[in-house]
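K.L.:
Structure incoming, see below.
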Amino acid sequence: MKHVFSKMQVGDININYELADYTAPWRTDEPETFLLYHGYSRNMLFWEQWVPLLAAHYRVLRFDARGCGESSLPPAGTMTFDQLVGDSLGLMDKLGIRRAHWVGESSGGIAGLAFALAHPDRLHTLTVCDTPFKRPTNIAATYTVGEADRAAAFAKYGVGGWCRKTLSYRIDTTKASPELCEWYIAQMDRTPVPVAVEKEKMIGRGDFWPLLPGIKVPTLILAGQKSPLAEEEKMKAMQQHMPQAKLVTFEGYGHGINLLAPERCVSEIRQFVDAQRQR
C-alpha cells in the first residue's frame, strides 16, 4: 500500500493533493492512474467515496484546484482553462505520471475537455460527469439570484449562502440527504469570493462545442437525465459530435451523480476502460 497526502509547488500555486494506491503489494505491473477533478468552487473531498472504489485496482490522484480547498490562492487576475490544464499537467509531471484516466465532474469535466485537446497523449480515457460543453444561457441569469451579477450575489449572501439558494441546480436535492446538502454548502463556502468570481467568469467564457470533434481521446459521458446543466438533448448532441464518445444517462437523476451514485459511476467507468483496453 502506498498513500501520499501532501502539497506540491506547481508554477505559481501550491497544490494540495492525495495519491492513493491500495493495489496488491505483490502486483508486478504498474497500476494505471485515475485523476479526479472536482467541479466549480468545490474541492477534492467531493471524491471521497470514489477512492475506495478505485484504489484497489488503480492509483487514484485527486487534488484541490487553484484557489480551492487547501491549495494556495492564485495571483489576482483572470483565470483560464489553460491554467487549469497547466496545473494538472505540472502535477502529473512532478509525480511521474505519464498518462491518466481523467474523470471530471461538472466544470471539472470541462477542464478535462481542455486537457484532452491540448495533451491527448497524456490521457488513456476521459470521463465527464454532468458536464456541459457550454453553460446553458438561462443558468447565467438564474445564478445571479436577483442581483446584478454573480459577484454581487456573493457579496450579499457569501459563497455558502449563494450555494444554498441555487443548490438544486448542482445536486438533485430530491435524492440527496439533508446532511449531504448541508455538507455541500459548507464545502463551497470555503472558497474565497475572488476565486469563485473568476472561476464563474472563466466558465461563462467557455464554449467547447466547435472543438468537440477534435477530441480523439476515448470519452465516456455520464449524465443525470434531469440535470439542468448537462441537459439530456445536449448530452446526446455532444456524444454524436465526438469521434470516440459513449453516453450513459442515469434515468431519474438530476445533477450530481458523482455524489449520489458513486458506485454506479465507477462501475460504468471501469466497464468503459476495460472495453477500451480490449480494442
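Lettering and numbering for the C-alpha cells are positional, with chains as A, B, ... in the shown order, residues counted from 1 in each chain, and ligands counted from 1 in the shown order.
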Just the residues within 7 Å of Leu260 of chain A, please, counting only C-alpha atoms, with nothing from its chain fewer than 3 positions along; format it as a ChimeraX atom specification.

P.N.:
/A:176,256-257

K.L.:
Selected residues, N, CA and C atoms, written as a PDB file, in the first residue's frame, please.

P.N.:
ATOM      1  N   ALA A 176     -30.658  13.675  -2.549  1.00  0.00           N
ATOM      2  CA  ALA A 176     -29.597  13.926  -1.572  1.00  0.00           C
ATOM      3  C   ALA A 176     -30.184  14.060  -0.172  1.00  0.00           C
ATOM      4  N   GLY A 256     -25.314  15.970 -10.169  1.00  0.00           N
ATOM      5  CA  GLY A 256     -24.582  15.493  -9.003  1.00  0.00           C
ATOM      6  C   GLY A 256     -24.492  13.989  -8.868  1.00  0.00           C
ATOM      7  N   ILE A 257     -24.470  13.278  -9.991  1.00  0.00           N
ATOM      8  CA  ILE A 257     -24.433  11.816  -9.916  1.00  0.00           C
ATOM      9  C   ILE A 257     -23.145  11.300  -9.281  1.00  0.00           C
TER      10      ILE A 257
END

K.L.:
Which parts of segment 15-238 of chain A does DSSP call helix (DSSP H, G or I) when run on the backbone here, written out as a PyMOL selection string?

P.N.:
chain A and resi 44-47+51-54+81-94+107-118+120-122+137-142+150-170+178-188+193-205+209-214+232-238

K.L.:
Mind listing the strand (DSSP E or B) residues of segment 23-178 of chain A, per DSSP on the backbone, as a list in words?

P.N.:
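Answer for segment 23-178 of chain A, restricted to strand (DSSP E or B): Thr33, Phe34, Leu35, Leu36, Tyr37, Arg59, Val60, Leu61, Arg62, Phe63, Ala100, His101, Trp102, Val103, Gly104, Glu105, Leu123, His124, Thr125, Leu126, Thr127, Val128, Cys129 and Lys134 of chain A.
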
K.L.:
Go through A:Leu229, A:Val195, A:Ala20, A:Leu167 and flag the residue nearest Trp183 of chain A, using only C-alpha atoms for the distances.

P.N.:
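Of A:Leu229, A:Val195, A:Ala20, A:Leu167, the one nearest Trp183 of chain A, counting only C-alpha atoms, is A:Leu167.
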
K.L.:
For segment 141-146 of chain A, find every residue with an atom within 12 Å (counting only C-alpha atoms), except residues of its own chain fewer than 2 positions away, and show them as number ranges by chain.

P.N.:
A: 135-139, 148-157, 159, 161-170, 197, 200, 204, 228-229

K.L.:
Rank A:Gly224, A:Gly96, A:Pro178, A:Gly112 by their smallest atom-to-atom distance to Thr125 of chain A, using only C-alpha atoms, and report the top residue only.

P.N.:
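Looking only at the distances to Thr125 of chain A, the closest residue turns out to be A:Gly112.
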
K.L.:
Please report as a Markdown table every residue of segment 58-119 of chain A lying within 12 Å of segment 265-270 of chain A, along with the nearest atom pair and their distance in Å (one decimal), using only C-alpha atoms.

P.N.:
| residue | atom | partner | partner_atom | distance |
| --- | --- | --- | --- | --- |
| A:Tyr58 | CA | A:Arg270 | CA | 10.5 |
| A:His101 | CA | A:Ile269 | CA | 9.6 |
| A:Trp102 | CA | A:Ile269 | CA | 10.5 |
| A:Val103 | CA | A:Ile269 | CA | 9.0 |
| A:Gly104 | CA | A:Cys265 | CA | 11.7 |
| A:Glu105 | CA | A:Cys265 | CA | 11.0 |

K.L.:
In Å, with one decimal, what is the gap from atom CA of Gly67 of chain A to atom CA of Arg205 of chain A?

P.N.:
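Atom CA of Arg205 of chain A lies 19.0 Å from atom CA of Gly67 of chain A.
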
K.L.:
Which one is closest to Pro210 of chain A: A:Met92, A:Leu35, A:Met238, A:Leu180? Count only C-alpha atoms.

P.N.:
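Among the listed residues, A:Met238 lies closest to Pro210 of chain A.
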
K.L.:
Which neighbours of Ser72 of chain A fall inside 12 Å, counting only C-alpha atoms, when residues of the same chain fewer than 5 positions from it are skipped, and could you give them as a PDB file with N, CA and C atoms, in the first residue's frame?

P.N.:
ATOM      1  N   LYS A   7       1.541  18.430  -0.347  1.00  0.00           N
ATOM      2  CA  LYS A   7       1.416  19.619  -1.190  1.00  0.00           C
ATOM      3  C   LYS A   7       2.615  19.690  -2.118  1.00  0.00           C
ATOM      4  N   MET A   8       2.377  20.240  -3.300  1.00  0.00           N
ATOM      5  CA  MET A   8       3.426  20.314  -4.319  1.00  0.00           C
ATOM      6  C   MET A   8       3.364  21.678  -4.994  1.00  0.00           C
ATOM      7  N   GLN A   9       4.513  22.341  -5.077  1.00  0.00           N
ATOM      8  CA  GLN A   9       4.572  23.606  -5.801  1.00  0.00           C
ATOM      9  C   GLN A   9       4.556  23.329  -7.291  1.00  0.00           C
ATOM     10  N   VAL A  10       3.574  23.878  -7.975  1.00  0.00           N
ATOM     11  CA  VAL A  10       3.445  23.737  -9.429  1.00  0.00           C
ATOM     12  C   VAL A  10       3.212  25.128 -10.002  1.00  0.00           C
ATOM     13  N   GLY A  11       4.200  25.657 -10.692  1.00  0.00           N
ATOM     14  CA  GLY A  11       4.055  27.003 -11.234  1.00  0.00           C
ATOM     15  C   GLY A  11       3.848  28.022 -10.135  1.00  0.00           C
ATOM     16  N   ASP A  12       2.743  28.783 -10.236  1.00  0.00           N
ATOM     17  CA  ASP A  12       2.513  29.867  -9.292  1.00  0.00           C
ATOM     18  C   ASP A  12       1.639  29.484  -8.107  1.00  0.00           C
ATOM     19  N   ILE A  13       1.326  28.186  -7.948  1.00  0.00           N
ATOM     20  CA  ILE A  13       0.493  27.771  -6.812  1.00  0.00           C
ATOM     21  C   ILE A  13       1.066  26.540  -6.131  1.00  0.00           C
ATOM     22  N   ASN A  14       0.629  26.338  -4.895  1.00  0.00           N
ATOM     23  CA  ASN A  14       0.979  25.160  -4.118  1.00  0.00           C
ATOM     24  C   ASN A  14      -0.262  24.265  -4.087  1.00  0.00           C
ATOM     25  N   ILE A  15      -0.175  23.085  -4.714  1.00  0.00           N
ATOM     26  CA  ILE A  15      -1.351  22.233  -4.893  1.00  0.00           C
ATOM     27  C   ILE A  15      -1.433  21.190  -3.788  1.00  0.00           C
ATOM     28  N   ASN A  16      -2.587  21.143  -3.134  1.00  0.00           N
ATOM     29  CA  ASN A  16      -2.886  20.125  -2.143  1.00  0.00           C
ATOM     30  C   ASN A  16      -3.437  18.894  -2.857  1.00  0.00           C
ATOM     31  N   TYR A  17      -2.801  17.732  -2.636  1.00  0.00           N
ATOM     32  CA  TYR A  17      -3.205  16.549  -3.386  1.00  0.00           C
ATOM     33  C   TYR A  17      -3.141  15.296  -2.529  1.00  0.00           C
ATOM     34  N   PHE A  63      -6.978  16.244  -6.254  1.00  0.00           N
ATOM     35  CA  PHE A  63      -6.345  17.447  -5.718  1.00  0.00           C
ATOM     36  C   PHE A  63      -7.317  18.612  -5.729  1.00  0.00           C
ATOM     37  N   ASP A  64      -6.959  19.626  -4.940  1.00  0.00           N
ATOM     38  CA  ASP A  64      -7.738  20.860  -4.898  1.00  0.00           C
ATOM     39  C   ASP A  64      -7.272  21.773  -6.020  1.00  0.00           C
ATOM     40  N   ALA A  65      -8.197  22.187  -6.884  1.00  0.00           N
ATOM     41  CA  ALA A  65      -7.849  23.114  -7.963  1.00  0.00           C
ATOM     42  C   ALA A  65      -7.388  24.449  -7.385  1.00  0.00           C
ATOM     43  N   ARG A  66      -6.743  25.243  -8.214  1.00  0.00           N
ATOM     44  CA  ARG A  66      -6.167  26.511  -7.744  1.00  0.00           C
ATOM     45  C   ARG A  66      -7.215  27.357  -7.015  1.00  0.00           C
ATOM     46  N   GLY A  67      -6.840  27.789  -5.815  1.00  0.00           N
ATOM     47  CA  GLY A  67      -7.712  28.642  -5.015  1.00  0.00           C
ATOM     48  C   GLY A  67      -8.787  27.910  -4.242  1.00  0.00           C
ATOM     49  N   THR A 191     -14.605  28.383  -0.334  1.00  0.00           N
ATOM     50  CA  THR A 191     -13.963  29.005  -1.489  1.00  0.00           C
ATOM     51  C   THR A 191     -13.991  30.523  -1.360  1.00  0.00           C
ATOM     52  N   PRO A 192     -12.852  31.187  -1.438  1.00  0.00           N
ATOM     53  CA  PRO A 192     -12.827  32.651  -1.332  1.00  0.00           C
ATOM     54  C   PRO A 192     -13.639  33.295  -2.460  1.00  0.00           C
ATOM     55  N   VAL A 195     -11.953  33.985  -5.887  1.00  0.00           N
ATOM     56  CA  VAL A 195     -11.740  32.767  -6.673  1.00  0.00           C
ATOM     57  C   VAL A 195     -13.051  32.333  -7.319  1.00  0.00           C
TER      58      VAL A 195
END

K.L.:
Pick the closest to Leu212 of chain A from A:Ala275, A:Met235, A:Cys129, A:Leu123: which is it, counting only C-alpha atoms?

P.N.:
A:Met235
